[in-house]
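Single-structure report; data block below.
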Amino acid sequence: MNHARTVAGRVAAAGALLALTALLPRLTRTDPALTVLHARYGDAPTTPRQLTDVRRQLGLDDGTFGFLGQWARGLAHGDLGTSWVTGADVGADVRAASGVSLSLMAYAMAVAVTVAAALCLPALRRATTTPPGGAAAGTLAALPEFLLASVLATLFAVRLGWFPAQGWQSPASAVLPALALGIPAGAVLGRLAQDALPAAFAEPWVRTWRASGLSRARIARHAARRALPAVLPQAGFTVVGLTGAAAAVEAVFAVPGLGGTAVAAALDLDLPLLQGCLLVLLALGLAAAVAVGLLRRRLLGPALRAGALPALARTPGAGPARRRAAAALGAVLLAVLVWGLTRDALHVDLAARLTAPGAAHPFGTDALGRDVLARLGHGALRTLAVAAAVCAVSFVVGVALGLTRWATGLTEVANALPAILAGLLVTGLFGAGPAGAAVAVAAVGWAPLAAHTAALAETERAAGHVEAAVVHGAGRWHILRRHVLGGVLPPVARHALLRLAPTTLALASLSFLGLGTQPPDPEWGRLLMENLPYAERAPWSVLAPAAALACVGALVALASAARAPAGPGRARRSPAG
């Protein structure tokens, strides 16, 4: 019954997304015929006759549901139609882009797994219940992918000539884009695994195995096996993200992948091509979800069905050294931002454009001669407040939907939706601006948190003390409140905090397309994107906002590790209360 409900939810959510995508021209109040003509011929003037001919050629006179019906009939025969812009076969274009993106995703996942394993190695060696500081993972997770791609391309492709700078001709072409995508993704996976390992080492079997004389290496291997089920759903989501959300990195290296194809199709309102790209991403998301589910059940074994899993353990907080480090880093960052607030962020001085850091401009100036320190300080509140609000909303929605088993399909579909397409859909409803961009990012940002919540809740519900509570007559809400949420909320909250920097960059990408914060208002992600073309000539213009994001990532990781200490295990409750 649950399986049938999950399949039905997936089909319904996927159908709703494809139908909503077909409404994109109406939601954005844009004439697709005019957009297609501009995509074909640039800014050449158009005539009413040309618009009429294009509408007839594309079948726009049949309306939205007519297009959907025609597209569905073609899909039943394996025909995805033709591109409205190029006239090429959509199936061929999507297959070519998918082959490139799947290959790049495989390379990037190899990098991500390597980075995650390297970050977890110290925790496995120590085999303690004390959580790691996580500053390295938080910093790497906060690195902007497009900035990392630009730095790697400049250093290893242009200056050293070790790898191709652009294109997709050989496996060597995949090295730099895979590193740019895989390092931040691996840092997120590594931080989640770092969070799960101390809880595994706090389980009662570890003390028994140590007393029996089993080797530390064997205990570490089994602890890693116990921690993996909590991380695997995020790994499945990462597979889809590395395939469909890699448009910025694909643009830097001129990789003809699926992410860039989907974004270009959304901006050009090339609905057949966009629907084809979404169909591949949905199929990939479904395949990844099924594979992750099977692997999780394999790792958890019969204990999942028998209700014999150990309860999720609460680990002690970090020591005073890490709390002092978090306080010191926070004080330094706050002092820099307050210093920036005392300066003028909007003053333009073209005579001082791209000036190096000095007494007059401690962090240098940008391409318009504006003070980088001032823009960093004035953009802090807008950047962090909006990103924090989006993360908070994503956390609440993710936990609520993750605890409901019927939302599995909706979660998988939301993860397959590129943020830019979500931005176009949402701004069509609410209009362009910071609020619309925030709603768009939150509309897809809850999905990884929901998957994390669902994985932890499934494990906690299969614990022995929950089974005992059911036997003693405890109700569903009592079990949820007293036995499940205590093990689920802390790690998911830390996961939400880890997404603060990526959320900032997602908001910036929408602002860069004119869907979010508008210039000249300062915003950290927008500062990065505006100054990226001048990174080689004036590196300070991008290093300042990138360093601020990295500091926030490290500070969040240190602060979450420096939580209030708890006992070595979970506080035991009586079965009914």
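Ligands are numbered from 1 in the order shown, residues from 1 within each chain, and chains are lettered A, B, ... in the order they appear in the structure tokens.
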Quick check for you: according to DSSP on this backbone, which residues of stretch 58-257 of chain A are classed as helix (DSSP H, G or I)? Reply as a PyMOL selection string. chain A and resi 58+60-76+90-126+135-141+145-159+171-201+204-211+216-244+247-253
Just the residues within 10 Å of A:Val552, please, counting only C-alpha atoms, with nothing from its chain fewer than 6 positions along; format it as a PyMOL selection string. chain A and resi 135+138-139+142+329-330+333+384+497-498+500-501+546+558
Fewer than 6 positions away in the same chain doesn't count, so skip those; otherwise give me all residues within 10 Å of A:Val484, counting only C-alpha atoms, as a ChimeraX atom specification. /A:311-312,403,456-461,463,466,477-478
May I have the residues within 7 Å of stretch 324-328 of chain A as a list in words, using only C-alpha atoms and disregarding those fewer than 2 positions away in the same chain? Pro320, Ala321, Arg322, Gly330, Ala331, Val332, Leu555, Leu558 and Ala559 of chain A
For each of A:Gly364, A:Pro184, A:Gly369, A:Gly81, take the minimum atom-to-atom distance to A:Gly241, counting only C-alpha atoms, then give the residue where this is smallest. A:Pro184
List as a PyMOL selection string the protein and nucleic acid residues near stretch 226-229 of chain A, meaning an atom at most 12 Å away when only C-alpha atoms are counted, but skip any in the same chain fewer than 4 places from it. chain A and resi 116-117+120+123-124+189-203+205-206+219-222+233-236+292-301+303-304+309-313+451-460
Neighbours of A:Trp540 within 12 Å (only C-alpha atoms; same-chain residues fewer than 2 positions away dropped), as a PyMOL selection string? chain A and resi 354-358+361-367+371-373+376+527-528+531-532+534-538+542-547
Given only C-alpha atoms as the counted atoms, nearest of A:Leu75, A:Ala246, A:Ala224, A:Ala422 to A:Gly91: A:Leu75
Within 7 Å of A:Thr411, counting only C-alpha atoms, which residues qualify if same-chain residues fewer than 3 places away don't, as a list in words? Ala407, Thr408, Ala414, Asn415, Ala447 and Ala450 of chain A
